[in-house]
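Participant: Encoded as structure tokens, here's the structure I'll be asking about.
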Amino acid sequence: MRLTIDTETDTYEQAIAAVQAAYGLRPDTPAAWPDAPAAEPRPGPQDLADDDLADGWTGQLLFDLITALTPGARAVLRRITELGGTASYDDVQQHFAHHPTHPIPIARIGGTLTSVRAVQRHLGPDGAGPLLQRDERARRYRIDDVLVAGLRRAFALADARPDLLRGEPSGTAA
């Protein structure tokens, strides 16, 4: 983003209004500023569909779920989503064993993912099956295809609005 304020012609109020508009806030535009930049609306959860994707899940509910997850669980769920909704335990464990921003020891992946079940119990639709399914025999994680598409949209919104996500816990990365 580039913002230019002319300190010789713009007033203080105009400069503040320009900064607020650049960050998507609704500034009070000074009357002496007829060509004030329009504030671009920031995307939010309300922009996601509230249609039932599957099993009571909506785009808004999926976004609420990922915002409530711990950062490590969110990163693992994102990785499985990026892989098309199916990933082996080994692939996920190896990916996060030496991950630059969310390293998770191999033995802790399962514990990290308990956040998904806990958040789903509180925010997910009543009676819905598990969002992230685990096949212990095949050692695979799986997410239904229609929910993968909804999660991709929810993660795209999360990328645009990181201010809505649950932050890193102090002192730990998982």
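Residues are named by chain letter and number: chains run A, B, ... in the order of the structure tokens, numbers start at 1 in each chain, and ligands are numbered from 1 in the order shown.
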Within 6 Å of range 80-97 of chain A, counting only C-alpha atoms, which residues qualify if same-chain residues fewer than 5 places away don't, as a PDB file with N, CA, C and O atoms, in the first residue's frame?

Facilitator:
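result_14.pdb, freshly written:
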```pdb
ATOM      1  N   PRO A 103       6.942 -25.171  14.252  1.00  0.00           N
ATOM      2  CA  PRO A 103       7.509 -26.517  14.436  1.00  0.00           C
ATOM      3  C   PRO A 103       6.715 -27.282  15.492  1.00  0.00           C
ATOM      4  O   PRO A 103       6.381 -26.743  16.539  1.00  0.00           O
ATOM      5  N   ILE A 104       6.383 -28.518  15.155  1.00  0.00           N
ATOM      6  CA  ILE A 104       5.634 -29.374  16.077  1.00  0.00           C
ATOM      7  C   ILE A 104       6.362 -30.708  16.114  1.00  0.00           C
ATOM      8  O   ILE A 104       6.494 -31.364  15.073  1.00  0.00           O
ATOM      9  N   PRO A 105       6.844 -31.114  17.277  1.00  0.00           N
ATOM     10  CA  PRO A 105       7.510 -32.421  17.356  1.00  0.00           C
ATOM     11  C   PRO A 105       6.574 -33.528  16.861  1.00  0.00           C
ATOM     12  O   PRO A 105       5.356 -33.468  17.055  1.00  0.00           O
ATOM     13  N   ILE A 106       7.148 -34.521  16.223  1.00  0.00           N
ATOM     14  CA  ILE A 106       6.367 -35.609  15.629  1.00  0.00           C
ATOM     15  C   ILE A 106       5.388 -36.213  16.637  1.00  0.00           C
ATOM     16  O   ILE A 106       4.231 -36.461  16.313  1.00  0.00           O
ATOM     17  N   ARG A 139      -3.719 -44.630   8.570  1.00  0.00           N
ATOM     18  CA  ARG A 139      -2.871 -43.528   9.046  1.00  0.00           C
ATOM     19  C   ARG A 139      -2.989 -42.312   8.121  1.00  0.00           C
ATOM     20  O   ARG A 139      -2.020 -41.801   7.613  1.00  0.00           O
ATOM     21  N   ARG A 140      -4.270 -41.900   7.926  1.00  0.00           N
ATOM     22  CA  ARG A 140      -4.546 -40.760   7.055  1.00  0.00           C
ATOM     23  C   ARG A 140      -5.532 -39.808   7.731  1.00  0.00           C
ATOM     24  O   ARG A 140      -6.413 -40.239   8.466  1.00  0.00           O
ATOM     25  N   TYR A 141      -5.360 -38.517   7.421  1.00  0.00           N
ATOM     26  CA  TYR A 141      -6.327 -37.490   7.784  1.00  0.00           C
ATOM     27  C   TYR A 141      -7.170 -37.228   6.546  1.00  0.00           C
ATOM     28  O   TYR A 141      -6.673 -37.271   5.427  1.00  0.00           O
ATOM     29  N   ARG A 142      -8.453 -36.914   6.774  1.00  0.00           N
ATOM     30  CA  ARG A 142      -9.327 -36.639   5.633  1.00  0.00           C
ATOM     31  C   ARG A 142     -10.371 -35.604   6.018  1.00  0.00           C
ATOM     32  O   ARG A 142     -10.903 -35.608   7.124  1.00  0.00           O
ATOM     33  N   ILE A 143     -10.642 -34.716   5.059  1.00  0.00           N
ATOM     34  CA  ILE A 143     -11.699 -33.709   5.177  1.00  0.00           C
ATOM     35  C   ILE A 143     -12.569 -33.862   3.937  1.00  0.00           C
ATOM     36  O   ILE A 143     -12.045 -34.001   2.823  1.00  0.00           O
ATOM     37  N   VAL A 148     -13.449 -28.898   2.173  1.00  0.00           N
ATOM     38  CA  VAL A 148     -12.128 -28.399   1.771  1.00  0.00           C
ATOM     39  C   VAL A 148     -12.297 -27.082   1.024  1.00  0.00           C
ATOM     40  O   VAL A 148     -11.572 -26.117   1.281  1.00  0.00           O
TER      41      VAL A 148
END
```

Participant: Tell me, in Å to one decimal, how far CA of Thr58 in chain A is from CA of Thr112 in chain A.

Facilitator: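 Between these atoms lies a distance of 23.9 Å.
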
Participant: Run DSSP on the backbone and tell me which residues of range 74-166 of chain A come out as helix (DSSP H, G or I); list them as a compact mmCIF listing (two decimals) with all heavy atoms, in the first residue's frame.

Facilitator:
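In the end it all went to out_0.txt:
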```txt
# COMPACT_ATOMS: atom_id res chain seq x y z
N ARG A 74 -4.24 -24.71 13.62
CA ARG A 74 -4.64 -24.00 12.41
C ARG A 74 -3.66 -24.29 11.27
O ARG A 74 -4.07 -24.52 10.13
CB ARG A 74 -4.70 -22.49 12.66
CG ARG A 74 -5.26 -21.72 11.50
CD ARG A 74 -5.33 -20.21 11.73
NE ARG A 74 -5.81 -19.85 13.03
CZ ARG A 74 -5.08 -19.20 13.95
NH1 ARG A 74 -3.86 -18.82 13.69
NH2 ARG A 74 -5.60 -18.90 15.13
N ALA A 75 -2.37 -24.31 11.57
CA ALA A 75 -1.35 -24.58 10.55
C ALA A 75 -1.49 -26.01 10.01
O ALA A 75 -1.39 -26.23 8.80
CB ALA A 75 0.04 -24.36 11.12
N VAL A 76 -1.75 -26.97 10.90
CA VAL A 76 -1.92 -28.36 10.45
C VAL A 76 -3.18 -28.49 9.61
O VAL A 76 -3.16 -29.12 8.55
CB VAL A 76 -1.94 -29.33 11.65
CG1 VAL A 76 -2.29 -30.75 11.20
CG2 VAL A 76 -0.61 -29.32 12.39
N LEU A 77 -4.28 -27.89 10.04
CA LEU A 77 -5.52 -27.96 9.27
C LEU A 77 -5.34 -27.28 7.91
O LEU A 77 -5.81 -27.79 6.88
CB LEU A 77 -6.67 -27.29 10.04
CG LEU A 77 -8.06 -27.44 9.44
CD1 LEU A 77 -8.47 -28.91 9.35
CD2 LEU A 77 -9.07 -26.66 10.24
N ARG A 78 -4.61 -26.17 7.87
CA ARG A 78 -4.33 -25.50 6.60
C ARG A 78 -3.53 -26.42 5.68
O ARG A 78 -3.81 -26.53 4.49
CB ARG A 78 -3.57 -24.20 6.82
CG ARG A 78 -3.26 -23.46 5.51
CD ARG A 78 -2.37 -22.27 5.72
NE ARG A 78 -3.00 -21.21 6.44
CZ ARG A 78 -3.51 -20.11 5.89
NH1 ARG A 78 -3.45 -19.93 4.59
NH2 ARG A 78 -4.06 -19.18 6.63
N ARG A 79 -2.52 -27.09 6.23
CA ARG A 79 -1.68 -27.98 5.43
C ARG A 79 -2.52 -29.11 4.81
O ARG A 79 -2.39 -29.42 3.64
CB ARG A 79 -0.55 -28.56 6.29
CG ARG A 79 0.32 -29.54 5.58
CD ARG A 79 1.15 -28.89 4.51
NE ARG A 79 1.99 -29.89 3.87
CZ ARG A 79 2.53 -29.75 2.68
NH1 ARG A 79 2.37 -28.63 2.02
NH2 ARG A 79 3.26 -30.70 2.17
N ILE A 80 -3.38 -29.72 5.61
CA ILE A 80 -4.23 -30.80 5.10
C ILE A 80 -5.18 -30.25 4.03
O ILE A 80 -5.41 -30.89 3.01
CB ILE A 80 -4.98 -31.49 6.25
CG1 ILE A 80 -3.97 -32.17 7.19
CG2 ILE A 80 -5.99 -32.50 5.72
CD1 ILE A 80 -4.55 -32.61 8.52
N THR A 81 -5.68 -29.05 4.24
CA THR A 81 -6.55 -28.40 3.25
C THR A 81 -5.78 -28.14 1.96
O THR A 81 -6.29 -28.39 0.86
CB THR A 81 -7.12 -27.09 3.81
OG1 THR A 81 -7.87 -27.38 5.00
CG2 THR A 81 -8.01 -26.38 2.81
N GLU A 82 -4.55 -27.65 2.07
CA GLU A 82 -3.72 -27.39 0.88
C GLU A 82 -3.44 -28.66 0.09
O GLU A 82 -3.28 -28.62 -1.12
CB GLU A 82 -2.39 -26.75 1.29
CG GLU A 82 -2.52 -25.32 1.77
CD GLU A 82 -1.25 -24.80 2.41
OE1 GLU A 82 -0.31 -25.60 2.68
OE2 GLU A 82 -1.19 -23.58 2.66
N TYR A 89 -0.45 -39.42 7.94
CA TYR A 89 0.11 -38.97 9.22
C TYR A 89 1.59 -38.62 9.04
O TYR A 89 2.05 -37.59 9.53
CB TYR A 89 0.00 -40.08 10.26
CG TYR A 89 -1.38 -40.34 10.83
CD1 TYR A 89 -2.53 -39.76 10.31
CD2 TYR A 89 -1.53 -41.20 11.91
CE1 TYR A 89 -3.77 -40.03 10.85
CE2 TYR A 89 -2.77 -41.47 12.45
CZ TYR A 89 -3.89 -40.88 11.92
OH TYR A 89 -5.12 -41.14 12.45
N ASP A 90 2.31 -39.49 8.32
CA ASP A 90 3.75 -39.28 8.14
C ASP A 90 4.05 -37.98 7.40
O ASP A 90 4.96 -37.25 7.77
CB ASP A 90 4.38 -40.47 7.41
CG ASP A 90 4.35 -41.75 8.24
OD1 ASP A 90 4.30 -41.65 9.49
OD2 ASP A 90 4.35 -42.84 7.63
N ASP A 91 3.28 -37.68 6.33
CA ASP A 91 3.50 -36.45 5.58
C ASP A 91 3.31 -35.22 6.47
O ASP A 91 4.10 -34.28 6.43
CB ASP A 91 2.55 -36.35 4.39
CG ASP A 91 2.88 -37.33 3.28
OD1 ASP A 91 4.01 -37.88 3.27
OD2 ASP A 91 2.01 -37.57 2.43
N VAL A 92 2.25 -35.22 7.26
CA VAL A 92 1.97 -34.09 8.14
C VAL A 92 3.05 -33.98 9.22
O VAL A 92 3.56 -32.89 9.49
CB VAL A 92 0.56 -34.22 8.76
CG1 VAL A 92 0.32 -33.16 9.82
CG2 VAL A 92 -0.50 -34.14 7.67
N GLN A 93 3.41 -35.10 9.81
CA GLN A 93 4.43 -35.08 10.87
C GLN A 93 5.77 -34.57 10.33
O GLN A 93 6.40 -33.73 10.96
CB GLN A 93 4.61 -36.47 11.47
CG GLN A 93 3.44 -36.91 12.30
CD GLN A 93 3.51 -38.39 12.69
OE1 GLN A 93 4.24 -39.17 12.09
NE2 GLN A 93 2.74 -38.75 13.70
N GLN A 94 6.18 -35.04 9.18
CA GLN A 94 7.46 -34.62 8.60
C GLN A 94 7.43 -33.14 8.20
O GLN A 94 8.41 -32.44 8.36
CB GLN A 94 7.83 -35.49 7.40
CG GLN A 94 8.20 -36.91 7.78
CD GLN A 94 9.31 -36.97 8.82
OE1 GLN A 94 10.31 -36.27 8.73
NE2 GLN A 94 9.11 -37.80 9.83
N HIS A 95 6.30 -32.69 7.69
CA HIS A 95 6.18 -31.29 7.28
C HIS A 95 6.39 -30.36 8.47
O HIS A 95 7.04 -29.32 8.35
CB HIS A 95 4.81 -31.04 6.64
CG HIS A 95 4.60 -29.62 6.23
ND1 HIS A 95 5.12 -29.10 5.07
CD2 HIS A 95 3.94 -28.59 6.83
CE1 HIS A 95 4.79 -27.82 4.98
NE2 HIS A 95 4.06 -27.50 6.03
N PHE A 96 5.83 -30.72 9.62
CA PHE A 96 5.90 -29.83 10.78
C PHE A 96 7.07 -30.10 11.71
O PHE A 96 7.35 -29.30 12.60
CB PHE A 96 4.58 -29.87 11.55
CG PHE A 96 3.50 -29.13 10.83
CD1 PHE A 96 2.57 -29.81 10.05
CD2 PHE A 96 3.43 -27.75 10.89
CE1 PHE A 96 1.59 -29.13 9.35
CE2 PHE A 96 2.45 -27.05 10.19
CZ PHE A 96 1.54 -27.74 9.42
N ALA A 97 7.79 -31.19 11.50
CA ALA A 97 8.93 -31.50 12.38
C ALA A 97 9.96 -30.38 12.38
O ALA A 97 10.54 -30.06 13.43
CB ALA A 97 9.57 -32.83 11.96
N ILE A 106 7.15 -34.52 16.22
CA ILE A 106 6.37 -35.61 15.63
C ILE A 106 5.39 -36.21 16.64
O ILE A 106 4.23 -36.46 16.31
CB ILE A 106 7.32 -36.69 15.05
CG1 ILE A 106 8.00 -36.12 13.80
CG2 ILE A 106 6.57 -37.97 14.72
CD1 ILE A 106 9.08 -37.00 13.20
N ALA A 107 5.81 -36.39 17.85
CA ALA A 107 4.95 -37.01 18.86
C ALA A 107 3.81 -36.10 19.31
O ALA A 107 2.88 -36.57 19.96
CB ALA A 107 5.79 -37.41 20.07
N ARG A 108 3.85 -34.82 18.96
CA ARG A 108 2.83 -33.89 19.46
C ARG A 108 1.76 -33.52 18.44
O ARG A 108 0.85 -32.75 18.75
CB ARG A 108 3.51 -32.61 19.95
CG ARG A 108 4.32 -32.88 21.21
CD ARG A 108 4.63 -31.66 22.02
NE ARG A 108 3.45 -30.87 22.32
CZ ARG A 108 3.45 -29.55 22.33
NH1 ARG A 108 4.53 -28.86 22.09
NH2 ARG A 108 2.35 -28.88 22.62
N ILE A 109 1.84 -34.01 17.21
CA ILE A 109 0.83 -33.65 16.20
C ILE A 109 -0.57 -34.00 16.68
O ILE A 109 -1.49 -33.20 16.59
CB ILE A 109 1.12 -34.34 14.84
CG1 ILE A 109 2.35 -33.74 14.18
CG2 ILE A 109 -0.08 -34.26 13.91
CD1 ILE A 109 2.18 -32.36 13.60
N GLY A 110 -0.76 -35.20 17.19
CA GLY A 110 -2.09 -35.61 17.66
C GLY A 110 -2.60 -34.70 18.76
O GLY A 110 -3.77 -34.30 18.76
N GLY A 111 -1.74 -34.33 19.69
CA GLY A 111 -2.14 -33.43 20.77
C GLY A 111 -2.48 -32.04 20.24
O GLY A 111 -3.40 -31.39 20.73
N THR A 112 -1.73 -31.60 19.25
CA THR A 112 -1.99 -30.30 18.64
C THR A 112 -3.38 -30.29 18.01
O THR A 112 -4.10 -29.31 18.08
CB THR A 112 -0.92 -29.98 17.58
OG1 THR A 112 0.35 -29.93 18.23
CG2 THR A 112 -1.18 -28.67 16.89
N THR A 114 -6.01 -31.88 18.93
CA THR A 114 -7.15 -31.96 19.85
C THR A 114 -7.90 -30.64 19.89
O THR A 114 -9.08 -30.60 20.19
CB THR A 114 -6.72 -32.37 21.28
OG1 THR A 114 -5.80 -31.40 21.78
CG2 THR A 114 -6.12 -33.74 21.31
N SER A 115 -7.21 -29.55 19.55
CA SER A 115 -7.85 -28.24 19.48
C SER A 115 -8.97 -28.25 18.46
O SER A 115 -10.01 -27.61 18.66
CB SER A 115 -6.80 -27.17 19.14
OG SER A 115 -7.39 -25.94 18.87
N VAL A 116 -8.79 -28.97 17.35
CA VAL A 116 -9.83 -29.02 16.30
C VAL A 116 -11.10 -29.65 16.87
O VAL A 116 -12.20 -29.11 16.70
CB VAL A 116 -9.34 -29.79 15.05
CG1 VAL A 116 -10.46 -29.91 14.02
CG2 VAL A 116 -8.13 -29.10 14.43
N ARG A 117 -10.95 -30.78 17.55
CA ARG A 117 -12.14 -31.44 18.14
C ARG A 117 -12.79 -30.57 19.20
O ARG A 117 -14.02 -30.45 19.25
CB ARG A 117 -11.75 -32.78 18.74
CG ARG A 117 -11.52 -33.87 17.71
CD ARG A 117 -11.42 -35.25 18.35
NE ARG A 117 -10.44 -35.35 19.41
CZ ARG A 117 -9.19 -35.75 19.27
NH1 ARG A 117 -8.75 -36.09 18.08
NH2 ARG A 117 -8.37 -35.82 20.29
N ALA A 118 -11.97 -29.95 20.05
CA ALA A 118 -12.52 -29.13 21.13
C ALA A 118 -13.27 -27.92 20.58
O ALA A 118 -14.37 -27.60 21.03
CB ALA A 118 -11.39 -28.68 22.06
N VAL A 119 -12.69 -27.25 19.60
CA VAL A 119 -13.35 -26.08 19.02
C VAL A 119 -14.60 -26.49 18.27
O VAL A 119 -15.63 -25.82 18.35
CB VAL A 119 -12.36 -25.30 18.11
CG1 VAL A 119 -13.08 -24.23 17.32
CG2 VAL A 119 -11.25 -24.69 18.94
N GLN A 120 -14.55 -27.62 17.55
CA GLN A 120 -15.74 -28.08 16.83
C GLN A 120 -16.88 -28.35 17.81
O GLN A 120 -18.03 -28.04 17.52
CB GLN A 120 -15.45 -29.33 16.01
CG GLN A 120 -16.69 -29.80 15.26
CD GLN A 120 -16.47 -31.01 14.38
OE1 GLN A 120 -15.35 -31.34 14.03
NE2 GLN A 120 -17.55 -31.69 14.03
N ARG A 121 -16.58 -28.92 18.97
CA ARG A 121 -17.63 -29.19 19.96
C ARG A 121 -18.33 -27.90 20.37
O ARG A 121 -19.54 -27.89 20.59
CB ARG A 121 -17.04 -29.85 21.20
CG ARG A 121 -17.19 -31.33 21.23
CD ARG A 121 -16.92 -31.94 22.60
NE ARG A 121 -15.73 -31.44 23.28
CZ ARG A 121 -14.50 -31.93 23.13
NH1 ARG A 121 -14.29 -32.92 22.30
NH2 ARG A 121 -13.50 -31.43 23.80
N HIS A 122 -17.58 -26.80 20.47
CA HIS A 122 -18.17 -25.53 20.93
C HIS A 122 -18.77 -24.69 19.82
O HIS A 122 -19.76 -24.00 20.03
CB HIS A 122 -17.12 -24.70 21.68
CG HIS A 122 -16.68 -25.35 22.95
ND1 HIS A 122 -17.51 -25.56 24.01
CD2 HIS A 122 -15.47 -25.85 23.32
CE1 HIS A 122 -16.85 -26.17 24.99
NE2 HIS A 122 -15.61 -26.36 24.58
N LEU A 123 -18.17 -24.73 18.61
CA LEU A 123 -18.61 -23.84 17.54
C LEU A 123 -19.27 -24.55 16.37
O LEU A 123 -19.95 -23.90 15.58
CB LEU A 123 -17.41 -23.05 17.00
CG LEU A 123 -16.70 -22.13 17.98
CD1 LEU A 123 -15.48 -21.50 17.33
CD2 LEU A 123 -17.65 -21.06 18.49
N ASP A 145 -14.58 -33.25 0.65
CA ASP A 145 -14.24 -32.33 -0.45
C ASP A 145 -14.98 -31.00 -0.38
O ASP A 145 -14.39 -29.94 -0.58
CB ASP A 145 -14.51 -32.98 -1.81
CG ASP A 145 -13.55 -34.12 -2.10
OD1 ASP A 145 -12.49 -34.20 -1.46
OD2 ASP A 145 -13.87 -34.95 -2.98
N VAL A 146 -16.28 -31.04 -0.11
CA VAL A 146 -17.06 -29.80 -0.07
C VAL A 146 -16.58 -28.91 1.08
O VAL A 146 -16.60 -27.68 0.96
CB VAL A 146 -18.57 -30.09 -0.02
CG1 VAL A 146 -18.96 -30.70 1.31
CG2 VAL A 146 -19.38 -28.84 -0.30
N LEU A 147 -16.13 -29.50 2.17
CA LEU A 147 -15.63 -28.72 3.29
C LEU A 147 -14.22 -28.18 3.00
O LEU A 147 -13.85 -27.12 3.50
CB LEU A 147 -15.65 -29.54 4.58
CG LEU A 147 -17.06 -29.93 5.04
CD1 LEU A 147 -16.99 -30.79 6.29
CD2 LEU A 147 -17.93 -28.72 5.25
N VAL A 148 -13.45 -28.90 2.17
CA VAL A 148 -12.13 -28.40 1.77
C VAL A 148 -12.30 -27.08 1.02
O VAL A 148 -11.57 -26.12 1.28
CB VAL A 148 -11.38 -29.44 0.90
CG1 VAL A 148 -10.14 -28.83 0.26
CG2 VAL A 148 -10.99 -30.64 1.74
N ALA A 149 -13.26 -27.02 0.11
CA ALA A 149 -13.51 -25.77 -0.63
C ALA A 149 -13.90 -24.65 0.32
O ALA A 149 -13.43 -23.51 0.19
CB ALA A 149 -14.58 -26.00 -1.69
N GLY A 150 -14.75 -24.95 1.29
CA GLY A 150 -15.14 -23.94 2.28
C GLY A 150 -13.98 -23.50 3.14
O GLY A 150 -13.84 -22.32 3.46
N LEU A 151 -13.13 -24.45 3.52
CA LEU A 151 -11.94 -24.11 4.31
C LEU A 151 -10.97 -23.25 3.51
O LEU A 151 -10.36 -22.33 4.07
CB LEU A 151 -11.24 -25.37 4.81
CG LEU A 151 -11.88 -26.05 6.01
CD1 LEU A 151 -11.29 -27.44 6.23
CD2 LEU A 151 -11.72 -25.19 7.25
N ARG A 152 -10.84 -23.52 2.23
CA ARG A 152 -9.95 -22.68 1.39
C ARG A 152 -10.44 -21.24 1.40
O ARG A 152 -9.64 -20.31 1.51
CB ARG A 152 -9.88 -23.24 -0.02
CG ARG A 152 -9.02 -24.46 -0.11
CD ARG A 152 -8.81 -24.90 -1.54
NE ARG A 152 -7.89 -26.02 -1.57
CZ ARG A 152 -8.05 -27.09 -2.33
NH1 ARG A 152 -9.08 -27.20 -3.14
NH2 ARG A 152 -7.16 -28.06 -2.28
N ARG A 153 -11.73 -21.04 1.27
CA ARG A 153 -12.27 -19.68 1.31
C ARG A 153 -12.07 -19.05 2.68
O ARG A 153 -11.72 -17.88 2.80
CB ARG A 153 -13.74 -19.68 0.91
CG ARG A 153 -13.97 -19.98 -0.57
CD ARG A 153 -15.42 -19.82 -0.99
NE ARG A 153 -16.32 -20.78 -0.34
CZ ARG A 153 -16.57 -22.00 -0.81
NH1 ARG A 153 -15.99 -22.42 -1.91
NH2 ARG A 153 -17.41 -22.79 -0.18
N ALA A 154 -12.27 -19.85 3.73
CA ALA A 154 -12.08 -19.33 5.08
C ALA A 154 -10.61 -18.96 5.34
O ALA A 154 -10.32 -17.93 5.94
CB ALA A 154 -12.56 -20.37 6.11
N PHE A 155 -9.68 -19.79 4.86
CA PHE A 155 -8.27 -19.47 5.03
C PHE A 155 -7.87 -18.25 4.20
O PHE A 155 -7.03 -17.45 4.62
CB PHE A 155 -7.38 -20.67 4.68
CG PHE A 155 -7.24 -21.66 5.81
CD1 PHE A 155 -7.66 -22.96 5.66
CD2 PHE A 155 -6.69 -21.28 7.02
CE1 PHE A 155 -7.54 -23.88 6.69
CE2 PHE A 155 -6.56 -22.19 8.07
CZ PHE A 155 -6.98 -23.49 7.90
N ALA A 156 -8.47 -18.07 3.03
CA ALA A 156 -8.19 -16.88 2.23
C ALA A 156 -8.63 -15.62 2.98
O ALA A 156 -7.91 -14.62 3.00
CB ALA A 156 -8.89 -16.97 0.87
N LEU A 157 -9.79 -15.69 3.63
CA LEU A 157 -10.24 -14.56 4.44
C LEU A 157 -9.31 -14.35 5.64
O LEU A 157 -8.97 -13.23 5.98
CB LEU A 157 -11.68 -14.77 4.91
CG LEU A 157 -12.23 -13.69 5.84
CD1 LEU A 157 -12.19 -12.32 5.19
CD2 LEU A 157 -13.64 -14.04 6.27
N ALA A 158 -8.87 -15.44 6.25
CA ALA A 158 -7.94 -15.34 7.38
C ALA A 158 -6.63 -14.68 6.95
O ALA A 158 -6.04 -13.90 7.71
CB ALA A 158 -7.68 -16.72 7.98
N ASP A 159 -6.19 -14.97 5.73
CA ASP A 159 -4.97 -14.32 5.23
C ASP A 159 -5.20 -12.82 5.05
O ASP A 159 -4.30 -12.02 5.29
CB ASP A 159 -4.54 -14.94 3.90
CG ASP A 159 -4.02 -16.36 4.05
OD1 ASP A 159 -3.67 -16.76 5.19
OD2 ASP A 159 -3.98 -17.09 3.04
N ALA A 160 -6.41 -12.46 4.61
CA ALA A 160 -6.73 -11.04 4.41
C ALA A 160 -6.98 -10.32 5.73
O ALA A 160 -6.76 -9.11 5.83
CB ALA A 160 -7.95 -10.91 3.51
N PRO A 162 -5.75 -11.18 9.26
CA PRO A 162 -5.07 -11.88 10.36
C PRO A 162 -5.40 -11.30 11.73
O PRO A 162 -5.20 -11.96 12.75
CB PRO A 162 -3.58 -11.72 10.02
CG PRO A 162 -3.51 -10.55 9.11
CD PRO A 162 -4.81 -10.52 8.37
N ASP A 163 -5.94 -10.09 11.75
CA ASP A 163 -6.33 -9.47 13.02
C ASP A 163 -7.47 -10.23 13.70
O ASP A 163 -7.69 -10.07 14.90
CB ASP A 163 -6.73 -8.01 12.80
CG ASP A 163 -7.86 -7.84 11.80
OD1 ASP A 163 -7.72 -8.35 10.66
OD2 ASP A 163 -8.88 -7.21 12.14
N LEU A 164 -8.18 -11.07 12.96
CA LEU A 164 -9.29 -11.83 13.54
C LEU A 164 -8.88 -13.18 14.12
O LEU A 164 -9.69 -13.87 14.72
CB LEU A 164 -10.38 -12.05 12.48
CG LEU A 164 -11.01 -10.78 11.90
CD1 LEU A 164 -12.00 -11.15 10.80
CD2 LEU A 164 -11.68 -9.97 12.99
```

Participant: Give the answer as one residue: which of A:Thr101, A:Gly124, A:Gln14, A:Thr9 has the shortest atom-to-atom distance to Ala54 in chain A, using only C-alpha atoms?

Facilitator: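 The answer is A:Gly124, which sits nearest to Ala54 in chain A.
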
Participant: Between CA of Gly56 in chain A and CA of Asp126 in chain A, what is the distance, to one decimal in Å?

Facilitator: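 Pair CA of Gly56 in chain A / CA of Asp126 in chain A returns 7.6 Å.
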
Participant: Could you go through range 30-146 of chain A and tell me which residues DSSP, when run on the backbone, assigns to strand (DSSP E), listing them as a list in words?

Facilitator: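 Of range 30-146 of chain A, only Thr86, Ala87, Ser88, Gln133, Arg134, Asp135, Arg140, Tyr141 and Arg142 of chain A fall in strand (DSSP E).
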
Participant: Write the residues of the selection above to a file with all heavy atoms, as a short mmCIF file (atom, residue, chain, number, x, y, z; two decimals), in the first residue's frame.

Facilitator:
```
data_model
loop_
_atom_site.label_atom_id
_atom_site.label_comp_id
_atom_site.auth_asym_id
_atom_site.auth_seq_id
_atom_site.Cartn_x
_atom_site.Cartn_y
_atom_site.Cartn_z
N THR A 86 -6.74 -34.64 2.04
CA THR A 86 -6.26 -35.97 2.43
C THR A 86 -4.75 -35.92 2.59
O THR A 86 -4.05 -35.42 1.70
CB THR A 86 -6.63 -37.03 1.39
OG1 THR A 86 -8.05 -37.02 1.20
CG2 THR A 86 -6.21 -38.42 1.83
N ALA A 87 -4.26 -36.42 3.71
CA ALA A 87 -2.82 -36.45 3.95
C ALA A 87 -2.50 -37.59 4.89
O ALA A 87 -3.28 -37.91 5.78
CB ALA A 87 -2.35 -35.13 4.55
N SER A 88 -1.34 -38.19 4.68
CA SER A 88 -0.92 -39.25 5.60
C SER A 88 -0.37 -38.65 6.88
O SER A 88 0.11 -37.51 6.89
CB SER A 88 0.15 -40.14 4.94
OG SER A 88 1.39 -39.46 4.90
N GLN A 133 -11.35 -35.96 9.85
CA GLN A 133 -11.52 -37.38 10.13
C GLN A 133 -10.15 -38.05 10.15
O GLN A 133 -9.26 -37.69 9.39
CB GLN A 133 -12.39 -38.01 9.05
CG GLN A 133 -13.76 -37.36 8.96
CD GLN A 133 -14.45 -37.68 7.66
OE1 GLN A 133 -14.25 -38.73 7.08
NE2 GLN A 133 -15.27 -36.75 7.19
N ARG A 134 -10.00 -39.01 11.06
CA ARG A 134 -8.74 -39.76 11.17
C ARG A 134 -9.01 -41.23 10.93
O ARG A 134 -9.87 -41.82 11.57
CB ARG A 134 -8.14 -39.58 12.56
CG ARG A 134 -7.84 -38.16 12.90
CD ARG A 134 -7.30 -38.08 14.30
NE ARG A 134 -7.32 -36.71 14.76
CZ ARG A 134 -6.70 -36.29 15.82
NH1 ARG A 134 -6.01 -37.13 16.56
NH2 ARG A 134 -6.75 -35.04 16.19
N ASP A 135 -8.26 -41.78 10.02
CA ASP A 135 -8.34 -43.21 9.76
C ASP A 135 -7.08 -43.83 10.36
O ASP A 135 -6.00 -43.74 9.77
CB ASP A 135 -8.41 -43.47 8.26
CG ASP A 135 -8.57 -44.95 7.92
OD1 ASP A 135 -8.25 -45.82 8.77
OD2 ASP A 135 -8.99 -45.24 6.78
N ARG A 140 -4.27 -41.90 7.93
CA ARG A 140 -4.55 -40.76 7.05
C ARG A 140 -5.53 -39.81 7.73
O ARG A 140 -6.41 -40.24 8.47
CB ARG A 140 -5.15 -41.22 5.72
CG ARG A 140 -4.22 -42.10 4.93
CD ARG A 140 -4.64 -42.30 3.51
NE ARG A 140 -4.47 -41.18 2.62
CZ ARG A 140 -3.30 -40.70 2.18
NH1 ARG A 140 -2.18 -41.22 2.60
NH2 ARG A 140 -3.25 -39.71 1.33
N TYR A 141 -5.36 -38.52 7.42
CA TYR A 141 -6.33 -37.49 7.78
C TYR A 141 -7.17 -37.23 6.55
O TYR A 141 -6.67 -37.27 5.43
CB TYR A 141 -5.63 -36.18 8.17
CG TYR A 141 -4.75 -36.28 9.38
CD1 TYR A 141 -3.37 -36.24 9.25
CD2 TYR A 141 -5.29 -36.39 10.66
CE1 TYR A 141 -2.54 -36.31 10.36
CE2 TYR A 141 -4.48 -36.47 11.77
CZ TYR A 141 -3.11 -36.42 11.62
OH TYR A 141 -2.29 -36.48 12.72
N ARG A 142 -8.45 -36.91 6.77
CA ARG A 142 -9.33 -36.64 5.63
C ARG A 142 -10.37 -35.60 6.02
O ARG A 142 -10.90 -35.61 7.12
CB ARG A 142 -10.01 -37.92 5.17
CG ARG A 142 -10.74 -37.76 3.85
CD ARG A 142 -11.25 -39.06 3.32
NE ARG A 142 -12.67 -39.30 3.53
CZ ARG A 142 -13.65 -38.49 3.17
NH1 ARG A 142 -13.42 -37.34 2.63
NH2 ARG A 142 -14.89 -38.82 3.37
#
```
